[in-house]
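Enquirer: Next comes structure36.tsv, TSV, C-alpha atoms:
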chain	number	residue	atom	x	y	z
N	16	MET	CA	-39.82	-3.55	2.04
N	17	ALA	CA	-36.35	-4.88	2.70
N	18	ALA	CA	-33.57	-2.49	1.75
N	19	ARG	CA	-31.50	-3.68	-1.22
N	20	ARG	CA	-27.79	-4.24	-0.69
N	21	PRO	CA	-25.66	-1.88	-2.76
N	22	ALA	CA	-23.87	-3.46	-5.71
N	23	PRO	CA	-20.49	-5.01	-4.85
N	24	PHE	CA	-18.68	-2.33	-6.86
N	25	LEU	CA	-20.34	0.42	-4.81
N	26	ARG	CA	-19.54	-1.38	-1.57
N	27	GLY	CA	-15.92	-1.65	-2.69
N	28	LEU	CA	-15.98	2.03	-3.50
N	29	GLY	CA	-17.33	2.72	-0.01
N	30	ALA	CA	-14.67	0.52	1.55
N	31	SER	CA	-12.02	2.57	-0.28
N	32	SER	CA	-12.92	5.67	1.75
N	33	SER	CA	-10.37	4.86	4.44
N	34	ILE	CA	-7.64	4.42	1.85
N	35	ALA	CA	-8.80	7.54	-0.01
N	36	ILE	CA	-8.60	9.65	3.15
N	37	GLY	CA	-5.04	8.46	3.63
N	38	TYR	CA	-4.13	8.86	-0.04
N	39	LEU	CA	-5.36	12.43	-0.51
N	40	PRO	CA	-2.74	14.10	1.70
N	41	ILE	CA	0.06	11.80	0.52
N	42	ALA	CA	-0.75	12.50	-3.12
N	43	PHE	CA	-1.05	16.19	-2.28
N	44	SER	CA	2.42	16.00	-0.78
N	45	PHE	CA	3.65	14.22	-3.93
N	46	GLY	CA	2.24	16.95	-6.17
N	47	LEU	CA	3.92	19.61	-4.05
N	48	THR	CA	7.26	17.75	-4.02
N	49	ALA	CA	7.19	17.40	-7.81
N	50	VAL	CA	6.37	21.05	-8.40
N	51	GLN	CA	9.17	22.11	-6.04
N	52	ALA	CA	11.55	19.81	-7.99
N	53	GLN	CA	10.61	21.68	-11.22
N	54	VAL	CA	8.84	18.68	-12.74
N	55	PRO	CA	6.11	19.95	-15.11
N	56	ALA	CA	2.55	19.78	-13.79
N	57	TRP	CA	1.35	17.59	-16.68
N	58	ALA	CA	4.14	15.07	-16.03
N	59	THR	CA	3.39	14.99	-12.30
N	60	VAL	CA	-0.26	14.17	-12.88
N	61	LEU	CA	0.67	11.66	-15.59
N	62	ILE	CA	3.02	9.87	-13.16
N	63	SER	CA	0.18	9.45	-10.67
N	64	ALA	CA	-2.23	8.36	-13.40
N	65	VAL	CA	0.12	5.85	-15.06
N	66	VAL	CA	2.46	4.56	-12.34
N	67	PHE	CA	0.10	4.76	-9.30
N	68	ALA	CA	2.68	3.51	-6.79
N	69	GLY	CA	3.32	6.04	-4.04
N	70	GLY	CA	6.81	5.41	-2.70
N	71	SER	CA	8.36	4.81	-6.11
N	72	GLN	CA	6.81	8.03	-7.43
N	73	PHE	CA	8.71	10.06	-4.84
N	74	VAL	CA	11.91	8.27	-5.88
N	75	LEU	CA	11.12	8.97	-9.53
N	76	ILE	CA	10.79	12.68	-8.80
N	77	ALA	CA	14.12	12.70	-6.94
N	78	LEU	CA	15.85	10.95	-9.85
N	79	LEU	CA	14.26	13.18	-12.48
N	80	SER	CA	15.31	16.31	-10.66
N	81	SER	CA	18.89	15.01	-10.35
N	82	ALA	CA	18.99	14.23	-14.12
N	83	ALA	CA	19.81	10.57	-13.48
N	84	PRO	CA	20.21	8.30	-16.56
N	85	VAL	CA	17.02	6.90	-18.06
N	86	LEU	CA	17.88	3.26	-17.41
N	87	GLY	CA	18.88	3.96	-13.83
N	88	THR	CA	15.70	5.93	-13.21
N	89	VAL	CA	13.36	3.34	-14.70
N	90	GLY	CA	15.30	0.49	-13.05
N	91	ALA	CA	15.06	2.10	-9.61
N	92	VAL	CA	11.29	2.51	-9.93
N	93	TRP	CA	10.86	-1.08	-11.12
N	94	LEU	CA	13.05	-2.35	-8.31
N	95	MET	CA	11.00	-0.45	-5.76
N	96	ASN	CA	7.84	-2.02	-7.09
N	97	VAL	CA	9.15	-5.59	-7.32
N	98	ARG	CA	7.18	-6.43	-4.18
N	99	HIS	CA	4.00	-6.19	-6.27
N	100	LEU	CA	5.02	-9.49	-7.91
N	101	PHE	CA	4.03	-11.23	-4.69
N	102	TYR	CA	0.60	-9.64	-4.32
N	103	GLY	CA	-0.96	-11.31	-7.39
N	104	PRO	CA	-0.75	-14.95	-6.27
N	105	ALA	CA	-1.86	-14.07	-2.73
N	106	LEU	CA	-4.82	-12.13	-4.08
N	107	ALA	CA	-5.76	-14.64	-6.80
N	108	SER	CA	-6.22	-17.35	-4.20
N	109	ARG	CA	-8.53	-15.07	-2.21
N	110	LEU	CA	-10.71	-14.32	-5.22
N	111	GLY	CA	-11.86	-17.95	-5.26
N	112	ALA	CA	-13.57	-19.48	-8.31
N	113	PRO	CA	-16.42	-17.16	-9.33
N	114	ALA	CA	-18.92	-18.02	-12.09
N	115	TRP	CA	-17.56	-15.24	-14.30
N	116	ARG	CA	-14.23	-13.49	-14.43
N	117	LEU	CA	-13.38	-9.87	-14.98
N	118	PRO	CA	-10.37	-9.21	-17.23
N	119	ARG	CA	-7.27	-9.57	-15.09
N	120	PRO	CA	-5.75	-6.24	-16.23
N	121	LEU	CA	-8.75	-4.56	-14.60
N	122	LEU	CA	-8.04	-6.35	-11.32
N	123	ALA	CA	-4.30	-5.71	-11.51
N	124	PHE	CA	-3.94	-2.02	-12.36
N	125	GLY	CA	-4.78	-0.60	-8.94
N	126	LEU	CA	-3.09	-3.24	-6.80
N	127	THR	CA	-1.17	-0.94	-4.47
N	128	ASP	CA	0.16	-1.83	-1.01
N	129	GLU	CA	-2.86	-0.38	0.75
N	130	VAL	CA	-5.37	-1.90	-1.67
N	131	PHE	CA	-3.69	-5.29	-1.26
N	132	ALA	CA	-3.70	-5.03	2.52
N	133	ALA	CA	-7.35	-3.98	2.66
N	134	ALA	CA	-8.38	-6.65	0.14
N	135	ALA	CA	-6.36	-9.34	1.92
N	136	GLY	CA	-8.21	-8.55	5.13
N	137	ARG	CA	-11.73	-8.32	3.75
N	138	LEU	CA	-12.16	-10.23	0.48
N	139	GLN	CA	-12.88	-13.56	2.10
N	140	GLY	CA	-15.73	-12.07	4.09
N	141	LEU	CA	-17.59	-11.58	0.77
N	142	PRO	CA	-19.50	-14.05	-1.39
N	143	VAL	CA	-17.17	-15.40	-4.08
N	144	ASP	CA	-19.15	-13.94	-7.00
N	145	GLU	CA	-19.01	-10.43	-5.52
N	146	ARG	CA	-15.29	-10.29	-4.77
N	147	GLN	CA	-14.01	-9.09	-8.16
N	148	ALA	CA	-16.46	-6.20	-8.49
N	149	TRP	CA	-15.81	-5.23	-4.86
N	150	LEU	CA	-12.07	-5.22	-5.54
N	151	VAL	CA	-12.50	-3.05	-8.65
N	152	GLY	CA	-14.58	-0.61	-6.58
N	153	LEU	CA	-11.91	-0.54	-3.89
N	154	GLN	CA	-9.22	0.18	-6.49
N	155	ALA	CA	-11.33	2.80	-8.30
N	156	GLY	CA	-11.84	4.82	-5.11
N	157	ALA	CA	-8.17	4.63	-4.17
N	158	TYR	CA	-7.08	5.60	-7.71
N	159	ALA	CA	-9.48	8.55	-7.92
N	160	ALA	CA	-8.24	9.86	-4.56
N	161	TRP	CA	-4.60	9.47	-5.61
N	162	VAL	CA	-4.99	11.34	-8.88
N	163	ALA	CA	-7.22	14.00	-7.32
N	164	GLY	CA	-4.74	14.52	-4.46
N	165	THR	CA	-1.91	14.93	-6.96
N	166	LEU	CA	-3.91	17.50	-8.93
N	167	LEU	CA	-4.62	19.46	-5.75
N	168	GLY	CA	-0.96	19.27	-4.70
N	169	VAL	CA	0.18	20.56	-8.07
N	170	ARG	CA	-2.38	23.36	-8.02
N	171	PHE	CA	-2.32	24.50	-4.38
N	172	GLY	CA	0.69	22.81	-2.75
N	173	GLU	CA	3.15	25.68	-2.93
N	174	GLN	CA	0.64	28.15	-1.50
N	175	LEU	CA	-0.11	25.85	1.43
N	176	ALA	CA	3.56	25.11	2.13
N	177	ALA	CA	4.30	28.84	2.11
N	178	VAL	CA	1.58	29.44	4.70
N	179	SER	CA	2.71	26.69	7.09
N	180	PRO	CA	5.89	24.57	6.89
N	181	VAL	CA	4.66	22.59	9.93
N	182	LEU	CA	1.59	21.60	7.95
N	183	ARG	CA	3.85	20.22	5.23
N	184	GLU	CA	5.79	18.15	7.80
N	185	THR	CA	2.51	16.98	9.28
N	186	LEU	CA	1.26	15.76	5.90
N	187	ASP	CA	4.42	13.72	5.49
N	188	PHE	CA	3.37	11.58	8.47
N	189	VAL	CA	0.26	10.29	6.73
N	190	LEU	CA	2.15	7.37	5.21
N	191	PRO	CA	3.52	5.84	8.45
N	192	ALA	CA	0.19	6.51	10.18
N	193	LEU	CA	-1.66	4.67	7.43
N	194	PHE	CA	0.75	1.71	7.49
N	195	PHE	CA	0.47	1.47	11.29
N	196	ALA	CA	-3.33	1.54	11.09
N	197	LEU	CA	-3.18	-1.20	8.43
N	198	LEU	CA	-0.87	-3.27	10.62
N	199	LEU	CA	-3.24	-2.95	13.57
N	200	GLU	CA	-6.06	-4.00	11.24
N	201	VAL	CA	-4.43	-7.33	10.40
N	202	VAL	CA	-2.20	-7.97	13.40
N	203	ARG	CA	-4.53	-10.23	15.36
N	204	GLN	CA	-4.85	-12.78	12.59
N	205	THR	CA	-1.32	-12.64	11.21
N	206	PRO	CA	1.79	-14.74	11.80
N	207	LYS	CA	3.28	-12.45	14.43
N	208	GLN	CA	6.84	-13.78	14.42
N	209	ALA	CA	6.99	-13.44	10.64
N	210	THR	CA	5.68	-9.88	10.86
N	211	ALA	CA	8.21	-9.02	13.57
N	212	ALA	CA	10.97	-10.63	11.48
N	213	ALA	CA	10.05	-8.43	8.51
N	214	ALA	CA	10.23	-5.29	10.65
N	215	ALA	CA	13.51	-6.37	12.25
N	216	VAL	CA	15.24	-7.17	8.95
N	217	ALA	CA	14.16	-3.84	7.44
N	218	ALA	CA	15.30	-1.91	10.54
N	219	VAL	CA	18.69	-3.63	10.67
N	220	LEU	CA	19.41	-3.01	6.98
N	221	LEU	CA	18.12	0.55	6.71
N	222	PRO	CA	21.27	2.33	7.93
N	223	TRP	CA	23.30	0.72	5.12
N	224	TRP	CA	20.92	-0.13	2.30
N	225	PRO	CA	18.63	2.06	0.17
N	226	ALA	CA	15.14	2.19	1.65
N	227	HIS	CA	13.48	0.21	-1.14
N	228	ALA	CA	16.09	-2.59	-0.88
N	229	ALA	CA	15.77	-2.78	2.91
N	230	MET	CA	12.00	-2.90	2.55
N	231	LEU	CA	12.14	-5.69	-0.01
N	232	ALA	CA	14.58	-7.67	2.14
N	233	GLY	CA	12.34	-7.20	5.19
N	234	MET	CA	9.28	-8.32	3.30
N	235	LEU	CA	11.03	-11.42	1.95
N	236	GLY	CA	12.57	-12.14	5.36
N	237	GLY	CA	9.10	-12.14	6.93
N	238	ALA	CA	7.66	-14.28	4.16
N	239	VAL	CA	10.50	-16.83	4.40
N	240	TRP	CA	10.02	-16.96	8.17
N	241	GLY	CA	6.34	-17.61	7.53
N	242	ALA	CA	7.18	-20.39	5.06
N	243	ARG	CA	9.13	-22.19	7.80
N	244	GLY	CA	5.77	-22.71	9.48
N	245	GLY	CA	6.84	-22.24	13.07
N	246	ASP	CA	4.36	-19.43	13.58
N	247	ARG	CA	1.12	-20.71	12.12
N	248	VAL	CA	-1.95	-18.61	11.65
N	249	PRO	CA	-5.17	-20.04	13.07
N	250	ALA	CA	-7.44	-21.32	10.28
N	251	SER	CA	-9.41	-18.21	9.50
N	252	GLY	CA	-10.47	-15.93	6.73
N	253	ALA	CA	-8.25	-13.18	7.91
N	254	ALA	CA	-5.48	-11.35	6.17
N	255	GLY	CA	-2.94	-13.63	4.66
N	256	VAL	CA	-4.95	-16.82	4.67
N	257	PRO	CA	-5.68	-17.99	1.15
N	258	GLY	CA	-8.11	-20.70	0.30
N	259	ARG	CA	-11.22	-19.98	2.36
N	260	ASP	CA	-14.12	-19.55	0.00
N	261	ASP	CA	-17.18	-19.97	2.18
N	262	GLY	CA	-17.82	-16.25	2.30
N	263	LEU	CA	-17.50	-16.01	6.07
N	264	ASP	CA	-14.94	-14.25	8.16
N	265	ASP	CA	-13.21	-15.76	11.17
N	266	ARG	CA	-16.14	-14.91	13.43
N	267	GLY	CA	-18.55	-16.60	11.09
N	268	ARG	CA	-20.00	-13.30	9.83
N	269	ARG	CA	-20.76	-12.81	6.19
H	17	MET	CA	13.37	16.70	-22.84
H	18	THR	CA	9.59	16.33	-22.93
H	19	GLU	CA	9.83	13.14	-25.01
H	20	ARG	CA	12.46	11.68	-22.65
H	21	LEU	CA	10.25	12.45	-19.65
H	22	LEU	CA	7.28	10.87	-21.34
H	23	TRP	CA	9.18	7.68	-22.14
H	24	ILE	CA	10.45	7.38	-18.58
H	25	ILE	CA	6.94	7.75	-17.16
H	26	VAL	CA	5.44	5.26	-19.63
H	27	ALA	CA	8.22	2.71	-19.00
H	28	CYS	CA	7.79	3.02	-15.23
H	29	GLY	CA	4.03	2.63	-15.61
H	30	ILE	CA	4.18	-0.39	-17.91
H	31	GLY	CA	6.76	-2.17	-15.73
H	32	THR	CA	4.77	-1.57	-12.56
H	33	PHE	CA	1.54	-2.69	-14.24
H	34	LEU	CA	3.13	-5.91	-15.53
H	35	MET	CA	4.47	-6.69	-12.05
H	36	ARG	CA	0.91	-6.46	-10.79
H	37	LEU	CA	-0.70	-8.28	-13.70
H	38	LEU	CA	1.48	-11.26	-14.63
H	39	PRO	CA	1.41	-13.01	-11.21
H	40	LEU	CA	-2.41	-12.99	-11.38
H	41	TYR	CA	-2.13	-15.69	-14.07
H	42	TRP	CA	-0.22	-17.95	-11.72
H	43	ARG	CA	-2.26	-20.64	-9.99
H	44	PRO	CA	-1.00	-22.95	-7.22
H	45	SER	CA	-1.39	-26.69	-7.71
H	46	PRO	CA	-4.67	-28.13	-6.30
H	47	VAL	CA	-2.75	-31.07	-4.80
H	48	PRO	CA	-0.55	-29.53	-2.14
H	49	SER	CA	3.01	-30.82	-2.07
H	50	PRO	CA	5.30	-29.89	0.84
H	51	ALA	CA	6.72	-27.14	-1.35
H	52	ALA	CA	3.23	-25.89	-2.18
H	53	ARG	CA	2.32	-25.83	1.52
H	54	ALA	CA	5.45	-23.86	2.29
H	55	LEU	CA	4.58	-21.46	-0.52
H	56	ARG	CA	1.09	-21.07	0.89
H	57	ARG	CA	2.48	-20.25	4.33
H	58	MET	CA	4.83	-17.78	2.68
H	59	LEU	CA	1.92	-16.07	0.95
H	60	GLU	CA	0.03	-16.01	4.26
H	61	ALA	CA	2.89	-14.15	5.87
H	62	LEU	CA	3.61	-11.87	2.93
H	63	GLY	CA	0.88	-9.24	3.33
H	64	PRO	CA	1.56	-8.46	7.00
H	65	ALA	CA	5.32	-8.67	6.37
H	66	ALA	CA	5.03	-6.11	3.57
H	67	ILE	CA	3.06	-3.74	5.79
H	68	ALA	CA	5.55	-4.12	8.66
H	69	ALA	CA	8.53	-3.47	6.37
H	70	LEU	CA	6.81	-0.47	4.79
H	71	LEU	CA	6.02	0.90	8.25
H	72	VAL	CA	9.63	0.62	9.37
H	73	VAL	CA	10.92	2.29	6.19
H	74	SER	CA	8.38	5.11	6.41
H	75	LEU	CA	9.26	5.72	10.07
H	76	TRP	CA	12.99	5.83	9.38
H	77	PRO	CA	13.16	9.58	8.61
H	78	TYR	CA	11.74	10.21	12.09
H	79	VAL	CA	13.81	7.78	14.15
H	80	GLY	CA	16.94	7.13	12.06
H	81	ARG	CA	20.34	8.74	12.35
H	82	GLY	CA	20.23	12.53	12.57
H	83	SER	CA	16.46	12.77	12.83
H	84	GLY	CA	16.49	14.53	16.22
H	85	THR	CA	14.31	14.14	19.27
H	86	LEU	CA	11.44	16.21	17.86
H	87	GLY	CA	11.06	13.82	14.94
H	88	ALA	CA	11.09	10.77	17.22
H	89	ALA	CA	8.67	12.39	19.68
H	90	GLY	CA	6.34	13.34	16.84
H	91	ALA	CA	6.47	9.81	15.44
H	92	LEU	CA	5.79	8.32	18.86
H	93	ALA	CA	2.84	10.65	19.40
H	94	GLY	CA	1.51	9.86	15.94
H	95	LEU	CA	1.69	6.09	16.44
H	96	ALA	CA	0.12	6.39	19.91
H	97	GLY	CA	-2.65	8.48	18.38
H	98	VAL	CA	-3.33	5.82	15.74
H	99	ALA	CA	-3.44	3.07	18.37
H	100	LEU	CA	-5.73	5.05	20.69
H	101	ALA	CA	-8.12	6.04	17.92
H	102	ARG	CA	-8.16	2.48	16.66
H	103	GLY	CA	-9.31	1.37	20.13
H	104	TRP	CA	-11.98	4.09	20.27
H	105	TRP	CA	-13.42	4.08	16.76
H	106	GLY	CA	-11.86	1.16	14.87
H	107	GLY	CA	-11.34	1.24	11.09
H	108	LEU	CA	-8.51	2.82	9.16
H	109	ALA	CA	-9.41	6.37	8.23
H	110	LEU	CA	-10.10	8.00	11.60
H	111	PRO	CA	-7.10	6.39	13.35
H	112	THR	CA	-4.86	7.52	10.47
H	113	LEU	CA	-6.11	11.09	10.61
H	114	PHE	CA	-5.99	11.22	14.41
H	115	GLY	CA	-2.41	9.95	14.36
H	116	VAL	CA	-1.45	12.63	11.85
H	117	VAL	CA	-3.07	15.31	13.99
H	118	CYS	CA	-1.20	14.07	17.11
H	119	HIS	CA	2.06	14.11	15.15
H	120	GLY	CA	1.35	17.60	13.84
H	121	LEU	CA	0.57	18.93	17.34
H	122	VAL	CA	3.93	17.71	18.67
H	123	ARG	CA	5.78	19.19	15.66
H	124	TRP	CA	3.89	22.45	16.06
H	125	ALA	CA	4.60	22.64	19.82
H	126	GLY	CA	8.30	21.97	19.21
H	127	ALA	CA	8.68	24.35	16.27
Re-express the file's structure as structure tokens.

Expert:
Amino acid sequence: MAARRPAPFLRGLGASSSIAIGYLPIAFSFGLTAVQAQVPAWATVLISAVVFAGGSQFVLIALLSSAAPVLGTVGAVWLMNVRHLFYGPALASRLGAPAWRLPRPLLAFGLTDEVFAAAAGRLQGLPVDERQAWLVGLQAGAYAAWVAGTLLGVRFGEQLAAVSPVLRETLDFVLPALFFALLLEVVRQTPKQATAAAAAVAAVLLPWWPAHAAMLAGMLGGAVWGARGGDRVPASGAAGVPGRDDGLDDRGRR
Amino acid sequence: MTERLLWIIVACGIGTFLMRLLPLYWRPSPVPSPAARALRRMLEALGPAAIAALLVVSLWPYVGRGSGTLGAAGALAGLAGVALARGWWGGLALPTLFGVVCHGLVRWAGA
């Protein structure tokens, strides 16, 4: 008897394991940072549950602990997450035109950087009607790991940091390691000059601008470079190529 | 104090959620104009550009001003570890973890 394929949601959940493994230590580190900044445990977990946007959560903790004004605090977090405005259109085009549609809020809530990058790279290798459920599974796994990691950080972070400061510093490196792994995942099929332009703009601005502003400028710089069209991506179903709905990846695999 | 904290968290959450949700209602025109084609190319480049910019920003504490040679060496070892593990095993999770371990070993040796 032929083995049945797991449901798309479960396959999405399985695909989230790589993100979850990266998220757990980062969220743990977030929980520890918040506790050390005297932010209540309930608020720390609530931030992860409601905001679910890694980098901006660390900024939020820093602003809360420095008693910054409410408008400034909320504005800084929103500004840091402005890049998410660009993920929706790119993702919507990759979802194709399925026979039925899940409510968009369900597809939108967990759209983090890592989820977007993973979805951008893999969605078009799936049949159109399975993409939404797969995406929800991917987001559910990432979200569960993020909240669980925060809970663990709040509960055990200070004990662990007291045992080994080096371990704390090591955990901090999870974020760049994860971004580099993501970049290697998509680099072969991406507009390389545009990607290099994004990195260069961010690097040039970082000494003078706040990190989130330099990042946003880098991202937009790369996208604008890509819009010029001098560095075209080969027609493929790889990351960053909207519009292919035949369910095959660039090697013709389903 | 508690109420203020709660409002800040809820406002941050709602704003972030709306930034993720509202663009999902936007649909490009089926007949591509030159502007639409440029927008499509921009969206093609956006994902990798975002990852590259995030990588640079996250590496800055290790290689920026005043970070010291240990931070830079640890970052270099970590990135090399990710690249090596990616070549050996592929995927995202193992390369990420291996890179973190390489970084930690350098920090531990230099501590």

Enquirer: Which is closest to H:Leu100 among N:Ala196, N:Val219, N:Val162, N:Val130, if we use all atoms listed in the file?

Expert: N:Ala196

Enquirer: May I ask which of the residues H:Thr18, H:Arg57, H:Leu62, H:Gly103 is the closest one to N:Ala212, counting all atoms listed in the file?

Expert: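 Selected residue with least distance to N:Ala212: H:Leu62.
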
Enquirer: Report the closest atom pair, with its distance in Å rounded to one decimal, for each residue of chain H that has an atom no farther than 7 Å from chain N; count all atoms listed in the file, sort by chain and then rising residue number, and write it as a Markdown table.

Expert:
| residue | atom | partner | partner_atom | distance |
| --- | --- | --- | --- | --- |
| H:Ile24 | CA | N:Val89 | CA | 6.3 |
| H:Ile25 | CA | N:Ile62 | CA | 6.0 |
| H:Ala27 | CA | N:Val89 | CA | 6.7 |
| H:Cys28 | CA | N:Val89 | CA | 5.6 |
| H:Gly29 | CA | N:Val66 | CA | 4.1 |
| H:Gly31 | CA | N:Trp93 | CA | 6.3 |
| H:Thr32 | CA | N:Trp93 | CA | 6.3 |
| H:Phe33 | CA | N:Phe124 | CA | 5.8 |
| H:Met35 | CA | N:Leu100 | CA | 5.0 |
| H:Arg36 | CA | N:Ala123 | CA | 5.3 |
| H:Leu37 | CA | N:Ala123 | CA | 4.9 |
| H:Pro39 | CA | N:Gly103 | CA | 4.8 |
| H:Leu40 | CA | N:Gly103 | CA | 4.6 |
| H:Trp42 | CA | N:Pro104 | CA | 6.2 |
| H:Arg43 | CA | N:Pro104 | CA | 7.0 |
| H:Ala54 | CA | N:Ala242 | CA | 4.8 |
| H:Leu55 | CA | N:Ala242 | CA | 6.2 |
| H:Arg57 | CA | N:Ala242 | CA | 4.8 |
| H:Met58 | CA | N:Ala242 | CA | 4.2 |
| H:Leu59 | CA | N:Ala105 | CA | 5.6 |
| H:Glu60 | CA | N:Gly255 | CA | 3.8 |
| H:Ala61 | CA | N:Ala238 | CA | 5.1 |
| H:Leu62 | CA | N:Ala238 | CA | 4.9 |
| H:Gly63 | CA | N:Gly255 | CA | 6.0 |
| H:Pro64 | CA | N:Thr210 | CA | 5.8 |
| H:Ala65 | CA | N:Thr210 | CA | 4.7 |
| H:Ala66 | CA | N:Met234 | CA | 4.8 |
| H:Ile67 | CA | N:Phe194 | CA | 6.2 |
| H:Ala68 | CA | N:Ala214 | CA | 5.2 |
| H:Ala69 | CA | N:Ala214 | CA | 5.0 |
| H:Leu70 | CA | N:Met230 | CA | 6.2 |
| H:Leu71 | CA | N:Phe194 | CA | 5.4 |
| H:Val72 | CA | N:Ala214 | CA | 6.1 |
| H:Val73 | CA | N:Ala226 | CA | 6.2 |
| H:Ser74 | CA | N:Pro191 | CA | 5.3 |
| H:Leu75 | CA | N:Pro191 | CA | 6.0 |
| H:Gly94 | CA | N:Ala192 | CA | 6.8 |
| H:Leu95 | CA | N:Ala192 | CA | 6.5 |
| H:Val98 | CA | N:Ala196 | CA | 6.3 |
| H:Leu108 | CA | N:Ser33 | CA | 5.5 |
| H:Ala109 | CA | N:Ser33 | CA | 4.2 |
| H:Pro111 | CA | N:Ala196 | CA | 6.5 |
| H:Thr112 | CA | N:Ala192 | CA | 5.2 |
| H:Gly115 | CA | N:Ala192 | CA | 6.0 |
| H:Val116 | CA | N:Val189 | CA | 5.9 |
| H:His119 | CA | N:Thr185 | CA | 6.5 |
| H:Gly120 | CA | N:Thr185 | CA | 4.7 |
| H:Arg123 | CA | N:Val181 | CA | 6.8 |
| H:Trp124 | CA | N:Val181 | CA | 6.2 |

Enquirer: Create the file for the chosen residues now, containing C-alpha atoms and written as a CSV table (one decimal), in the frame of the given file.

Expert:
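That gives us result_22.csv:
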chain,number,residue,atom,x,y,z
H,24,ILE,CA,10.4,7.4,-18.6
H,25,ILE,CA,6.9,7.8,-17.2
H,27,ALA,CA,8.2,2.7,-19.0
H,28,CYS,CA,7.8,3.0,-15.2
H,29,GLY,CA,4.0,2.6,-15.6
H,31,GLY,CA,6.8,-2.2,-15.7
H,32,THR,CA,4.8,-1.6,-12.6
H,33,PHE,CA,1.5,-2.7,-14.2
H,35,MET,CA,4.5,-6.7,-12.0
H,36,ARG,CA,0.9,-6.5,-10.8
H,37,LEU,CA,-0.7,-8.3,-13.7
H,39,PRO,CA,1.4,-13.0,-11.2
H,40,LEU,CA,-2.4,-13.0,-11.4
H,42,TRP,CA,-0.2,-18.0,-11.7
H,43,ARG,CA,-2.3,-20.6,-10.0
H,54,ALA,CA,5.4,-23.9,2.3
H,55,LEU,CA,4.6,-21.5,-0.5
H,57,ARG,CA,2.5,-20.2,4.3
H,58,MET,CA,4.8,-17.8,2.7
H,59,LEU,CA,1.9,-16.1,1.0
H,60,GLU,CA,0.0,-16.0,4.3
H,61,ALA,CA,2.9,-14.2,5.9
H,62,LEU,CA,3.6,-11.9,2.9
H,63,GLY,CA,0.9,-9.2,3.3
H,64,PRO,CA,1.6,-8.5,7.0
H,65,ALA,CA,5.3,-8.7,6.4
H,66,ALA,CA,5.0,-6.1,3.6
H,67,ILE,CA,3.1,-3.7,5.8
H,68,ALA,CA,5.6,-4.1,8.7
H,69,ALA,CA,8.5,-3.5,6.4
H,70,LEU,CA,6.8,-0.5,4.8
H,71,LEU,CA,6.0,0.9,8.2
H,72,VAL,CA,9.6,0.6,9.4
H,73,VAL,CA,10.9,2.3,6.2
H,74,SER,CA,8.4,5.1,6.4
H,75,LEU,CA,9.3,5.7,10.1
H,94,GLY,CA,1.5,9.9,15.9
H,95,LEU,CA,1.7,6.1,16.4
H,98,VAL,CA,-3.3,5.8,15.7
H,108,LEU,CA,-8.5,2.8,9.2
H,109,ALA,CA,-9.4,6.4,8.2
H,111,PRO,CA,-7.1,6.4,13.4
H,112,THR,CA,-4.9,7.5,10.5
H,115,GLY,CA,-2.4,10.0,14.4
H,116,VAL,CA,-1.4,12.6,11.8
H,119,HIS,CA,2.1,14.1,15.2
H,120,GLY,CA,1.4,17.6,13.8
H,123,ARG,CA,5.8,19.2,15.7
H,124,TRP,CA,3.9,22.4,16.1

Enquirer: In Å, rounded to a single decimal, give me how far atom CA of N:Ala148 is from atom CA of N:Pro23.

Expert: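 These atoms are spaced 5.6 Å apart.
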
Enquirer: Mind giving me the straight-line distance from atom CA of N:Trp161 to atom CA of N:Ser44 in Å, one decimal?

Expert: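 Interatomic distance here is 10.7 Å.
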
Enquirer: Quick one, how far is atom CA of H:Ala93 from atom CA of N:Leu167?

Expert: 27.7 Å

Enquirer: Which residues, written as a compact mmCIF listing (two decimals) with C-alpha atoms, in the coordinates of the input, have at least one atom at most 7 Å from H:Tyr78, with only C-alpha atoms counted and residues fewer than 2 positions away on the same chain left out?

Expert:
# COMPACT_ATOMS: atom_id res chain seq x y z
CA LEU H 75 9.26 5.72 10.07
CA TRP H 76 12.99 5.83 9.38
CA GLY H 80 16.94 7.13 12.06
CA SER H 83 16.46 12.77 12.83
CA GLY H 87 11.06 13.82 14.94
CA ALA H 88 11.09 10.77 17.22
CA ALA H 91 6.47 9.81 15.44

Enquirer: Calculated over all atoms listed in the file, which of the candidates H:Arg56, H:Trp105, H:Thr85, H:Tyr41 has the smallest distance to H:Val122?

Expert: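 So, comparing all the options, the nearest one is H:Thr85.
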